[in-house]
$ cat upload.pdb   # PDB, C-alpha atoms
ATOM      1  CA  GLU A  26      76.213 148.112 203.483
ATOM      2  CA  TYR A  27      79.163 150.327 204.329
ATOM      3  CA  ILE A  28      82.161 151.022 202.110
ATOM      4  CA  SER A  29      85.574 152.456 202.898
ATOM      5  CA  SER A  30      86.322 155.892 201.477
ATOM      6  CA  PHE A  31      89.144 158.414 201.611
ATOM      7  CA  THR A  32      88.462 162.144 201.859
ATOM      8  CA  ASN A  33      90.914 164.778 200.684
ATOM      9  CA  LYS A  34      90.283 168.492 201.215
ATOM     10  CA  PHE A  35      92.560 171.306 200.148
ATOM     11  CA  ALA A  36      92.113 175.083 200.038
ATOM     12  CA  GLN A  37      94.581 177.841 199.240
ATOM     13  CA  SER A  38      94.384 181.540 198.429
ATOM     14  CA  VAL A  39      97.065 183.897 197.114
ATOM     15  CA  ASN A  40      97.025 187.700 197.188
ATOM     16  CA  VAL A  41      99.434 189.712 195.060
ATOM     17  CA  SER A  42      99.808 193.448 195.717
ATOM     18  CA  PRO A  43     102.670 195.151 193.836
ATOM     19  CA  ALA A  44     101.966 198.395 195.726
ATOM     20  CA  ALA A  45     103.548 196.836 198.807
ATOM     21  CA  ILE A  46     106.898 196.597 196.964
ATOM     22  CA  TRP A  47     106.871 199.202 194.188
ATOM     23  CA  LYS A  48     105.159 202.153 195.840
ATOM     24  CA  LYS A  49     107.009 204.671 193.687
ATOM     25  CA  LYS A  50     106.188 202.945 190.414
ATOM     26  CA  ARG A  51     102.650 204.229 190.223
ATOM     27  CA  PHE A  52     101.327 202.305 187.229
ATOM     28  CA  ILE A  53     102.203 198.770 188.344
ATOM     29  CA  SER A  54     101.145 199.586 191.899
ATOM     30  CA  ARG A  55      97.591 200.072 190.651
ATOM     31  CA  PHE A  56      97.267 196.356 189.949
ATOM     32  CA  SER A  57      96.443 193.625 192.453
ATOM     33  CA  ASP A  58      95.358 190.023 192.161
ATOM     34  CA  GLN A  59      93.509 187.450 194.236
ATOM     35  CA  ALA A  60      93.480 183.749 193.429
ATOM     36  CA  SER A  61      91.862 180.868 195.274
ATOM     37  CA  PHE A  62      91.713 177.123 194.816
ATOM     38  CA  ARG A  63      89.532 174.647 196.682
ATOM     39  CA  ILE A  64      89.004 170.934 196.250
ATOM     40  CA  ASP A  65      86.990 168.326 198.137
ATOM     41  CA  LYS A  66      87.494 164.768 196.909
ATOM     42  CA  LYS A  67      86.115 161.468 198.198
ATOM     43  CA  THR A  68      87.379 158.285 196.579
ATOM     44  CA  GLN A  69      88.029 154.568 196.999
ATOM     45  CA  GLU A  70      91.478 154.794 195.442
ATOM     46  CA  THR A  71      93.830 151.906 196.180
ATOM     47  CA  ASP A  72      96.924 153.920 195.266
ATOM     48  CA  ALA A  73      98.231 155.930 198.264
ATOM     49  CA  LEU A  74      99.478 158.836 196.136
ATOM     50  CA  ALA A  75      96.117 159.224 194.397
ATOM     51  CA  ARG A  76      94.331 159.179 197.763
ATOM     52  CA  PHE A  77      96.211 162.101 199.266
ATOM     53  CA  ASN A  78      97.246 164.205 196.268
ATOM     54  CA  PRO A  79      94.542 166.879 195.857
ATOM     55  CA  PHE A  80      95.754 167.840 192.373
ATOM     56  CA  ILE A  81      94.891 164.492 190.793
ATOM     57  CA  LEU A  82      91.440 165.336 189.455
ATOM     58  CA  LYS A  83      91.152 162.614 186.836
ATOM     59  CA  VAL A  84      89.767 159.783 188.915
ATOM     60  CA  ALA A  85      88.314 156.624 187.408
ATOM     61  CA  ASP A  86      84.542 156.332 187.822
ATOM     62  CA  THR A  87      84.993 152.988 189.563
ATOM     63  CA  ALA A  88      86.961 154.710 192.349
ATOM     64  CA  LEU A  89      85.169 158.072 192.581
ATOM     65  CA  ILE A  90      82.431 158.881 195.103
ATOM     66  CA  SER A  91      82.322 162.673 194.833
ATOM     67  CA  LEU A  92      84.508 165.489 193.540
ATOM     68  CA  ASN A  93      84.071 169.228 194.078
ATOM     69  CA  SER A  94      86.555 171.788 192.792
ATOM     70  CA  GLN A  95      86.556 175.557 192.477
ATOM     71  CA  ILE A  96      89.173 177.852 190.974
ATOM     72  CA  ARG A  97      88.777 181.620 190.992
ATOM     73  CA  ASN A  98      91.046 184.496 190.011
ATOM     74  CA  SER A  99      90.386 188.247 190.189
ATOM     75  CA  LEU A 100      92.609 190.945 188.705
ATOM     76  CA  PHE A 101      92.008 194.489 189.970
ATOM     77  CA  PHE A 102      93.066 197.854 188.610
ATOM     78  CA  ASN A 103      92.712 200.976 190.769
ATOM     79  CA  ARG A 104      91.029 198.893 193.465
ATOM     80  CA  ASN A 105      91.565 201.463 196.206
ATOM     81  CA  ASN A 106      90.959 204.493 194.010
ATOM     82  CA  PRO A 107      87.868 206.374 195.267
ATOM     83  CA  VAL A 108      86.987 207.715 191.801
ATOM     84  CA  TRP A 109      87.186 204.764 189.399
ATOM     85  CA  GLY A 110      88.429 201.242 189.018
ATOM     86  CA  MET A 111      87.847 197.966 187.229
ATOM     87  CA  ASP A 112      88.304 194.271 187.773
ATOM     88  CA  PHE A 113      88.339 191.103 185.710
ATOM     89  CA  SER A 114      87.616 187.701 187.196
ATOM     90  CA  ASN A 115      87.092 184.156 186.053
ATOM     91  CA  SER A 116      85.865 181.127 187.951
ATOM     92  CA  ASP A 117      85.618 177.415 187.231
ATOM     93  CA  SER A 118      83.360 175.292 189.440
ATOM     94  CA  ARG A 119      82.910 171.547 188.934
ATOM     95  CA  ASN A 120      80.930 168.914 190.806
ATOM     96  CA  LYS A 121      80.643 165.197 190.204
ATOM     97  CA  ILE A 122      78.788 162.870 192.539
ATOM     98  CA  LEU A 123      77.876 159.189 192.496
ATOM     99  CA  LEU A 124      74.149 158.572 192.892
ATOM    100  CA  LEU A 125      72.223 155.322 193.065
ATOM    101  CA  ASN A 126      72.189 154.624 189.319
ATOM    102  CA  GLY A 127      75.099 156.667 187.986
ATOM    103  CA  PHE A 128      76.952 159.973 188.105
ATOM    104  CA  ASP A 129      75.693 163.539 187.988
ATOM    105  CA  SER A 130      78.283 166.018 186.695
ATOM    106  CA  ARG A 131      77.856 169.809 186.816
ATOM    107  CA  SER A 132      80.181 172.595 185.770
ATOM    108  CA  PHE A 133      79.990 176.382 185.593
ATOM    109  CA  ILE A 134      82.655 178.528 183.926
ATOM    110  CA  GLU A 135      82.277 182.306 184.177
ATOM    111  CA  TYR A 136      84.194 185.388 182.972
ATOM    112  CA  ASN A 137      83.291 188.650 184.669
ATOM    113  CA  SER A 138      84.293 192.257 183.885
ATOM    114  CA  ARG A 139      83.231 195.207 186.027
ATOM    115  CA  ILE A 140      83.859 198.956 185.820
ATOM    116  CA  ARG A 141      82.934 201.434 188.567
ATOM    117  CA  TRP A 142      82.951 205.205 188.395
ATOM    118  CA  ASN A 143      82.056 207.721 191.082
ATOM    119  CA  ILE A 144      80.367 210.412 189.009
ATOM    120  CA  ALA A 145      80.130 212.743 192.019
ATOM    121  CA  ARG A 146      80.544 212.464 195.770
ATOM    122  CA  LYS A 147      77.087 210.950 196.240
ATOM    123  CA  TRP A 148      76.718 209.143 192.931
ATOM    124  CA  GLU A 149      78.340 205.947 191.716
ATOM    125  CA  THR A 150      77.745 203.833 188.626
ATOM    126  CA  THR A 151      78.918 200.311 187.857
ATOM    127  CA  VAL A 152      78.657 198.233 184.685
ATOM    128  CA  LYS A 153      79.144 194.476 184.782
ATOM    129  CA  LEU A 154      79.553 192.148 181.790
ATOM    130  CA  VAL A 155      79.399 188.397 182.313
ATOM    131  CA  SER A 156      79.957 185.503 179.927
ATOM    132  CA  GLY A 157      79.681 181.910 181.029
ATOM    133  CA  LYS A 158      78.651 178.342 180.342
ATOM    134  CA  LYS A 159      76.716 175.987 182.605
ATOM    135  CA  ASN A 160      76.637 172.233 181.989
ATOM    136  CA  LEU A 161      74.829 169.215 183.407
ATOM    137  CA  VAL A 162      75.509 165.602 182.435
ATOM    138  CA  SER A 163      73.250 163.068 184.138
ATOM    139  CA  GLU A 164      73.703 159.346 183.621
ATOM    140  CA  ILE A 165      70.363 158.663 185.328
ATOM    141  CA  SER A 166      68.241 161.068 183.239
ATOM    142  CA  PRO A 167      69.967 162.080 179.992
ATOM    143  CA  SER A 168      66.879 164.169 179.075
ATOM    144  CA  LYS A 169      67.910 166.613 181.817
ATOM    145  CA  ASN A 170      71.305 167.300 180.242
ATOM    146  CA  TYR A 171      72.073 170.846 179.147
ATOM    147  CA  ALA A 172      74.939 173.053 178.006
ATOM    148  CA  ILE A 173      73.760 176.643 178.433
ATOM    149  CA  THR A 174      75.720 179.639 177.164
ATOM    150  CA  ILE A 175      75.014 182.773 179.227
ATOM    151  CA  LYS A 176      75.556 186.461 178.385
ATOM    152  CA  ASN A 177      74.755 189.073 181.029
ATOM    153  CA  LEU A 178      74.753 192.906 181.107
ATOM    154  CA  ASN A 179      74.127 194.676 184.423
ATOM    155  CA  PRO A 180      74.482 198.502 184.800
ATOM    156  CA  VAL A 181      73.697 200.027 188.219
ATOM    157  CA  ILE A 182      73.431 203.623 189.474
ATOM    158  CA  ASN A 183      73.798 204.212 193.233
ATOM    159  CA  PHE A 184      72.846 207.326 195.171
ATOM    160  CA  GLN A 185      74.373 207.365 198.673
ATOM    161  CA  PRO A 186      74.268 210.716 200.502
ATOM    162  CA  SER A 187      75.298 209.086 203.818
ATOM    163  CA  ASN A 188      76.421 205.778 205.300
ATOM    164  CA  SER A 189      72.872 205.090 206.481
ATOM    165  CA  PHE A 190      71.044 205.572 203.155
ATOM    166  CA  ARG A 191      71.554 204.095 199.698
ATOM    167  CA  LEU A 192      69.216 204.025 196.704
ATOM    168  CA  SER A 193      70.009 201.983 193.590
ATOM    169  CA  LEU A 194      68.505 201.761 190.125
ATOM    170  CA  PHE A 195      69.512 198.811 187.970
ATOM    171  CA  TYR A 196      68.954 197.004 184.690
ATOM    172  CA  ASP A 197      69.851 193.335 184.230
ATOM    173  CA  MET A 198      69.716 191.495 180.904
ATOM    174  CA  LYS A 199      70.474 187.777 180.597
ATOM    175  CA  ASN A 200      70.548 185.898 177.322
ATOM    176  CA  LYS A 201      70.676 182.089 177.596
ATOM    177  CA  ILE A 202      70.979 179.544 174.791
ATOM    178  CA  ASN A 203      71.027 175.786 175.287
ATOM    179  CA  ASP A 204      73.037 173.610 172.898
ATOM    180  CA  LYS A 205      71.034 172.523 169.846
ATOM    181  CA  THR A 206      71.829 168.863 170.420
ATOM    182  CA  LEU A 207      70.308 169.101 173.921
ATOM    183  CA  GLY A 208      67.103 170.927 173.037
ATOM    184  CA  GLY A 209      68.121 174.347 171.728
ATOM    185  CA  GLU A 210      65.993 176.306 174.209
ATOM    186  CA  LYS A 211      66.457 180.095 174.296
ATOM    187  CA  SER A 212      65.556 182.684 176.903
ATOM    188  CA  LEU A 213      65.919 186.423 177.372
ATOM    189  CA  LEU A 214      65.367 187.934 180.825
ATOM    190  CA  GLN A 215      65.228 191.728 181.160
ATOM    191  CA  GLU A 216      64.926 193.142 184.664
ATOM    192  CA  VAL A 217      64.458 196.770 185.729
ATOM    193  CA  GLY A 218      64.293 197.612 189.393
ATOM    194  CA  THR A 219      65.255 199.629 192.415
ATOM    195  CA  GLU A 220      66.785 198.789 195.757
ATOM    196  CA  LEU A 221      66.730 200.798 198.988
ATOM    197  CA  ARG A 222      68.957 200.222 202.006
ATOM    198  CA  LEU A 223      68.590 201.934 205.394
ATOM    199  CA  SER A 224      71.055 201.164 208.148
ATOM    200  CA  LYS A 225      72.074 202.377 211.548
ATOM    201  CA  ILE A 226      75.258 201.387 213.347
ATOM    202  CA  LYS A 227      74.644 198.985 216.244
ATOM    203  CA  LYS A 228      70.891 199.094 215.587
ATOM    204  CA  GLY A 229      70.240 197.197 212.375
ATOM    205  CA  ASN A 230      69.312 197.630 208.740
ATOM    206  CA  MET A 231      66.440 197.306 206.286
ATOM    207  CA  ASP A 232      66.600 196.357 202.596
ATOM    208  CA  LEU A 233      63.778 196.762 200.095
ATOM    209  CA  ARG A 234      63.943 195.556 196.482
ATOM    210  CA  LEU A 235      61.362 195.874 193.693
ATOM    211  CA  SER A 236      61.822 194.398 190.199
ATOM    212  CA  PHE A 237      59.902 194.227 186.938
ATOM    213  CA  ILE A 238      61.065 191.297 184.804
ATOM    214  CA  ASP A 239      60.134 190.484 181.229
ATOM    215  CA  VAL A 240      60.828 186.868 180.265
ATOM    216  CA  TYR A 241      60.975 185.525 176.705
ATOM    217  CA  TYR A 242      61.344 181.751 176.463
ATOM    218  CA  THR A 243      61.215 179.156 173.678
ATOM    219  CA  GLY A 244      60.943 175.652 175.048
ATOM    220  CA  GLU A 245      58.737 173.293 176.989
ATOM    221  CA  ILE A 246      57.374 175.109 180.034
ATOM    222  CA  ASN A 247      57.390 172.072 182.311
ATOM    223  CA  SER A 248      60.682 170.558 181.226
ATOM    224  CA  SER A 249      63.514 169.932 183.654
ATOM    225  CA  LYS A 250      65.567 172.693 181.996
ATOM    226  CA  THR A 251      62.950 175.414 182.470
ATOM    227  CA  PHE A 252      64.188 176.441 185.917
ATOM    228  CA  GLU A 253      67.743 176.929 184.688
ATOM    229  CA  MET A 254      66.629 178.867 181.626
ATOM    230  CA  ILE A 255      64.176 181.297 183.278
ATOM    231  CA  GLU A 256      65.317 181.047 186.927
ATOM    232  CA  GLY A 257      62.003 179.952 188.409
ATOM    233  CA  LEU A 258      59.991 182.741 186.766
ATOM    234  CA  ASN A 259      57.226 182.512 184.151
ATOM    235  CA  ALA A 260      57.274 183.558 180.509
ATOM    236  CA  GLY A 261      55.831 187.051 180.127
ATOM    237  CA  ASN A 262      55.737 189.842 182.708
ATOM    238  CA  ASN A 263      56.823 189.207 186.298
ATOM    239  CA  ILE A 264      56.958 191.438 189.362
ATOM    240  CA  THR A 265      59.049 190.513 192.398
ATOM    241  CA  TRP A 266      59.645 192.298 195.682
ATOM    242  CA  GLN A 267      61.642 191.584 198.804
ATOM    243  CA  LEU A 268      61.839 193.099 202.266
ATOM    244  CA  SER A 269      64.472 192.070 204.791
ATOM    245  CA  MET A 270      65.083 193.541 208.230
ATOM    246  CA  GLN A 271      67.767 192.891 210.795
ATOM    247  CA  ARG A 272      67.646 194.265 214.323
ATOM    248  CA  HIS A 273      70.286 194.081 217.057
ATOM    249  CA  VAL A 274      68.393 193.774 220.344
ATOM    250  CA  ASN A 275      71.564 193.629 222.410
ATOM    251  CA  GLU A 276      75.082 192.247 222.224
ATOM    252  CA  TYR A 277      73.845 188.651 222.166
ATOM    253  CA  ILE A 278      70.455 188.773 220.434
ATOM    254  CA  GLN A 279      69.715 189.584 216.808
ATOM    255  CA  ILE A 280      66.321 189.406 215.083
ATOM    256  CA  SER A 281      65.997 188.852 211.327
ATOM    257  CA  PHE A 282      62.912 188.969 209.121
ATOM    258  CA  THR A 283      62.615 188.295 205.384
ATOM    259  CA  TYR A 284      59.581 188.520 203.121
ATOM    260  CA  THR A 285      59.461 187.943 199.365
ATOM    261  CA  GLY A 286      56.589 188.146 196.902
ATOM    262  CA  ARG A 287      56.075 187.415 193.244
ATOM    263  CA  LYS A 288      53.334 187.966 190.666
ATOM    264  CA  SER A 289      53.458 186.439 187.189
ATOM    265  CA  GLU A 290      51.008 186.425 184.326
ATOM    266  CA  ASN A 291      48.043 184.082 184.926
ATOM    267  CA  VAL A 292      49.530 182.970 188.247
ATOM    268  CA  GLN A 293      48.326 183.820 191.738
ATOM    269  CA  LEU A 294      50.416 185.900 194.104
ATOM    270  CA  ILE A 295      53.166 183.957 195.859
ATOM    271  CA  HIS A 296      54.273 185.042 199.340
ATOM    272  CA  THR A 297      57.237 183.676 201.262
ATOM    273  CA  GLY A 298      58.442 184.746 204.699
ATOM    274  CA  SER A 299      60.889 183.665 207.337
TER     275      SER A 299
END
$ encode --input "upload.pdb" --output "structure tokens"
Amino acid sequence: EYISSFTNKFAQSVNVSPAAIWKKKRFISRFSDQASFRIDKKTQETDALARFNPFILKVADTALISLNSQIRNSLFFNRNNPVWGMDFSNSDSRNKILLLNGFDSRSFIEYNSRIRWNIARKWETTVKLVSGKKNLVSEISPSKNYAITIKNLNPVINFQPSNSFRLSLFYDMKNKINDKTLGGEKSLLQEVGTELRLSKIKKGNMDLRLSFIDVYYTGEINSSKTFEMIEGLNAGNNITWQLSMQRHVNEYIQISFTYTGRKSENVQLIHTGS
């Protein structure tokens, strides 16, 4: 059986650069801002205004088929400065879709702060702090519902003596806590690794990544929330590696190869390639 539906899509981005106007006022010219808004709505609204107005996000469940929205804003300071700079961004992504026996609603709100500093001509360090919350509300399977608070710290040191070579060392810590009323699961992921990139203009590039990840998790291992809490890894020690290569044969042909591997405690090696 077919039903009539009305689709409304809207996307807009705004860039603000005071340096283009106030070049002599040095302090304000160091700031810049990027904002974007995107919405994709499919409804059975009977009201013409509600059908075509993308900013009406409160739609009755009886008229809604799917709703996707994303708002993002990034504020930069010293963005074009070769020595140091920082940026602050926040994003709000929401998705609601009608399935066979009810709605699935997902949301992800994130606040991101990043500082970069070129210690020397060949050395750069960045520190990123992230705070966010991820939610799932399922009418079909309420046991899958979660409201996870996420805290993330990610310092990186890059060594780049030329445009064709870059070596990175990084540490990534993620602390996740699910709401007590929805299970109260907790996880702590600590990752230490290195990444190597080799590239040649008009020829191709190669990326190699190796990570050691320690995962602490309190919760049912085989529950539906496990993947969100520990990102597909296993509790305990994990090792992951990835190799990707891209080669330009000629102007019209490009060859790509990707291989990933993973080893977890008491689990056999997993290999994936494409």
$ residues_around --input "upload.pdb" --residues "Ser156 (chain A)" --least-positions-apart "4" --cutoff "6 Å" --atoms "only C-alpha atoms" --output "mmCIF file with C-alpha atoms, in the coordinates of the input"
data_model
loop_
_atom_site.group_PDB
_atom_site.id
_atom_site.type_symbol
_atom_site.label_atom_id
_atom_site.label_comp_id
_atom_site.auth_asym_id
_atom_site.auth_seq_id
_atom_site.Cartn_x
_atom_site.Cartn_y
_atom_site.Cartn_z
ATOM 1 C CA GLU A 135 82.277 182.306 184.177
ATOM 2 C CA TYR A 136 84.194 185.388 182.972
ATOM 3 C CA ILE A 175 75.014 182.773 179.227
ATOM 4 C CA LYS A 176 75.556 186.461 178.385
#
$ closest_residue --input "upload.pdb" --among "A:Asn40, A:Asn247, A:Thr150, A:Ser29" --to "Ala60 (chain A)" --atoms "all atoms listed in the file"
A:Asn40
$ closest_residue --input "upload.pdb" --among "A:Ser132, A:Asn183, A:Thr174, A:Ser114" --to "Lys147 (chain A)" --atoms "all atoms listed in the file"
A:Asn183
$ residues_near_point --input "upload.pdb" --point "(57.4, 187.2, 182.3)" --cutoff "12 Å" --atoms "only C-alpha atoms" --output "list of chain:residue names"
A:Ser212, A:Leu213, A:Leu214, A:Gln215, A:Glu216, A:Ser236, A:Phe237, A:Ile238, A:Asp239, A:Val240, A:Tyr241, A:Tyr242, A:Ile255, A:Glu256, A:Gly257, A:Leu258, A:Asn259, A:Ala260, A:Gly261, A:Asn262, A:Asn263, A:Ile264, A:Thr265, A:Arg287, A:Lys288, A:Ser289, A:Glu290, A:Asn291, A:Val292
$ resolve_selection --input "upload.pdb" --expression "the PyMOL selection byres ((chain A and resi 111) around 6)" --output "PyMOL selection string"
chain A and resi 102+110+112+139-140
$ residues_around --input "upload.pdb" --residues "Thr151 (chain A)" --least-positions-apart "6" --cutoff "7 Å" --atoms "all atoms listed in the file" --output "number ranges by chain"
A: 139-142, 180-182
$ write_last_selection --input "upload.pdb" --atoms "C-alpha atoms" --output "short mmCIF file (atom, residue, chain, number, x, y, z; two decimals), keeping the file's coordinate frame"
data_model
loop_
_atom_site.label_atom_id
_atom_site.label_comp_id
_atom_site.auth_asym_id
_atom_site.auth_seq_id
_atom_site.Cartn_x
_atom_site.Cartn_y
_atom_site.Cartn_z
CA ARG A 139 83.23 195.21 186.03
CA ILE A 140 83.86 198.96 185.82
CA ARG A 141 82.93 201.43 188.57
CA TRP A 142 82.95 205.20 188.40
CA PRO A 180 74.48 198.50 184.80
CA VAL A 181 73.70 200.03 188.22
CA ILE A 182 73.43 203.62 189.47
#
$ closest_residue --input "upload.pdb" --among "A:Met270, A:Ala73, A:Ser163, A:Ala145" --to "Leu125 (chain A)" --atoms "all atoms listed in the file"
A:Ser163
$ closest_residue --input "upload.pdb" --among "A:Leu192, A:Leu233, A:Ile144, A:Met254" --to "Ala172 (chain A)" --atoms "only C-alpha atoms"
A:Met254
$ resolve_selection --input "upload.pdb" --expression "the PyMOL selection byres ((chain A and resi 81-89) around 10)" --output "list in words"
Ser30, Phe31, Ile64, Lys66, Lys67, Thr68, Gln69, Glu70, Thr71, Leu74, Ala75, Arg76, Phe77, Asn78, Pro79, Phe80, Ile90, Ser91, Leu92, Asn93, Ser94, Lys121, Ile122, Leu123, Gly127 and Phe128 of chain A
$ closest_residue --input "upload.pdb" --among "A:Phe56, A:Phe252, A:Phe190, A:Phe62" --to "Leu221 (chain A)" --atoms "all atoms listed in the file"
A:Phe190
$ resolve_selection --input "upload.pdb" --expression "the PyMOL selection byres ((chain A and resi 36) around 8)" --output "list of chain:residue names"
A:Lys34, A:Phe35, A:Gln37, A:Ser38, A:Ser61, A:Phe62, A:Arg63, A:Ile64
$ atom_distance --input "upload.pdb" --atom1 "CA of Asn106 (chain A)" --atom2 "CA of Leu154 (chain A)"
20.8 Å
$ build_atoms --input "upload.pdb" --residues "region 254-275 of chain A" --atoms "N, CA and C atoms" --output "PDB file, in the frame of the given file"
ATOM      1  N   MET A 254      66.725 177.904 182.715  1.00  0.00           N
ATOM      2  CA  MET A 254      66.629 178.867 181.626  1.00  0.00           C
ATOM      3  C   MET A 254      65.950 180.163 182.058  1.00  0.00           C
ATOM      4  N   ILE A 255      64.918 180.080 182.906  1.00  0.00           N
ATOM      5  CA  ILE A 255      64.176 181.297 183.278  1.00  0.00           C
ATOM      6  C   ILE A 255      64.178 181.534 184.787  1.00  0.00           C
ATOM      7  N   GLU A 256      65.027 180.783 185.517  1.00  0.00           N
ATOM      8  CA  GLU A 256      65.317 181.047 186.927  1.00  0.00           C
ATOM      9  C   GLU A 256      64.063 181.055 187.811  1.00  0.00           C
ATOM     10  N   GLY A 257      63.182 180.106 187.563  1.00  0.00           N
ATOM     11  CA  GLY A 257      62.003 179.952 188.409  1.00  0.00           C
ATOM     12  C   GLY A 257      60.885 180.932 188.132  1.00  0.00           C
ATOM     13  N   LEU A 258      61.034 181.784 187.107  1.00  0.00           N
ATOM     14  CA  LEU A 258      59.991 182.741 186.766  1.00  0.00           C
ATOM     15  C   LEU A 258      59.058 182.138 185.709  1.00  0.00           C
ATOM     16  N   ASN A 259      58.129 182.951 185.205  1.00  0.00           N
ATOM     17  CA  ASN A 259      57.226 182.512 184.151  1.00  0.00           C
ATOM     18  C   ASN A 259      57.431 183.378 182.913  1.00  0.00           C
ATOM     19  N   ALA A 260      57.172 182.789 181.745  1.00  0.00           N
ATOM     20  CA  ALA A 260      57.274 183.558 180.509  1.00  0.00           C
ATOM     21  C   ALA A 260      56.267 184.703 180.545  1.00  0.00           C
ATOM     22  N   GLY A 261      56.683 185.868 180.078  1.00  0.00           N
ATOM     23  CA  GLY A 261      55.831 187.051 180.127  1.00  0.00           C
ATOM     24  C   GLY A 261      56.320 188.033 181.169  1.00  0.00           C
ATOM     25  N   ASN A 262      55.395 188.820 181.730  1.00  0.00           N
ATOM     26  CA  ASN A 262      55.737 189.842 182.708  1.00  0.00           C
ATOM     27  C   ASN A 262      55.702 189.279 184.134  1.00  0.00           C
ATOM     28  N   ASN A 263      56.719 189.633 184.899  1.00  0.00           N
ATOM     29  CA  ASN A 263      56.823 189.207 186.298  1.00  0.00           C
ATOM     30  C   ASN A 263      57.158 190.416 187.166  1.00  0.00           C
ATOM     31  N   ILE A 264      56.616 190.423 188.366  1.00  0.00           N
ATOM     32  CA  ILE A 264      56.958 191.438 189.362  1.00  0.00           C
ATOM     33  C   ILE A 264      57.412 190.706 190.629  1.00  0.00           C
ATOM     34  N   THR A 265      58.557 191.104 191.155  1.00  0.00           N
ATOM     35  CA  THR A 265      59.049 190.513 192.398  1.00  0.00           C
ATOM     36  C   THR A 265      59.406 191.627 193.376  1.00  0.00           C
ATOM     37  N   TRP A 266      59.258 191.336 194.655  1.00  0.00           N
ATOM     38  CA  TRP A 266      59.645 192.298 195.682  1.00  0.00           C
ATOM     39  C   TRP A 266      60.162 191.552 196.899  1.00  0.00           C
ATOM     40  N   GLN A 267      61.029 192.215 197.633  1.00  0.00           N
ATOM     41  CA  GLN A 267      61.642 191.584 198.804  1.00  0.00           C
ATOM     42  C   GLN A 267      61.899 192.626 199.888  1.00  0.00           C
ATOM     43  N   LEU A 268      61.583 192.254 201.102  1.00  0.00           N
ATOM     44  CA  LEU A 268      61.839 193.099 202.266  1.00  0.00           C
ATOM     45  C   LEU A 268      62.586 192.271 203.293  1.00  0.00           C
ATOM     46  N   SER A 269      63.715 192.760 203.740  1.00  0.00           N
ATOM     47  CA  SER A 269      64.472 192.070 204.791  1.00  0.00           C
ATOM     48  C   SER A 269      64.883 193.086 205.850  1.00  0.00           C
ATOM     49  N   MET A 270      64.758 192.672 207.096  1.00  0.00           N
ATOM     50  CA  MET A 270      65.083 193.541 208.230  1.00  0.00           C
ATOM     51  C   MET A 270      65.941 192.771 209.216  1.00  0.00           C
ATOM     52  N   GLN A 271      66.879 193.476 209.798  1.00  0.00           N
ATOM     53  CA  GLN A 271      67.767 192.891 210.795  1.00  0.00           C
ATOM     54  C   GLN A 271      67.890 193.877 211.951  1.00  0.00           C
ATOM     55  N   ARG A 272      67.657 193.396 213.141  1.00  0.00           N
ATOM     56  CA  ARG A 272      67.646 194.265 214.323  1.00  0.00           C
ATOM     57  C   ARG A 272      68.518 193.672 215.415  1.00  0.00           C
ATOM     58  N   HIS A 273      69.436 194.496 215.941  1.00  0.00           N
ATOM     59  CA  HIS A 273      70.286 194.081 217.057  1.00  0.00           C
ATOM     60  C   HIS A 273      69.604 194.482 218.369  1.00  0.00           C
ATOM     61  N   VAL A 274      69.079 193.496 219.076  1.00  0.00           N
ATOM     62  CA  VAL A 274      68.393 193.774 220.344  1.00  0.00           C
ATOM     63  C   VAL A 274      69.414 194.138 221.412  1.00  0.00           C
ATOM     64  N   ASN A 275      70.457 193.335 221.505  1.00  0.00           N
ATOM     65  CA  ASN A 275      71.564 193.629 222.410  1.00  0.00           C
ATOM     66  C   ASN A 275      72.808 192.932 221.869  1.00  0.00           C
TER      67      ASN A 275
END
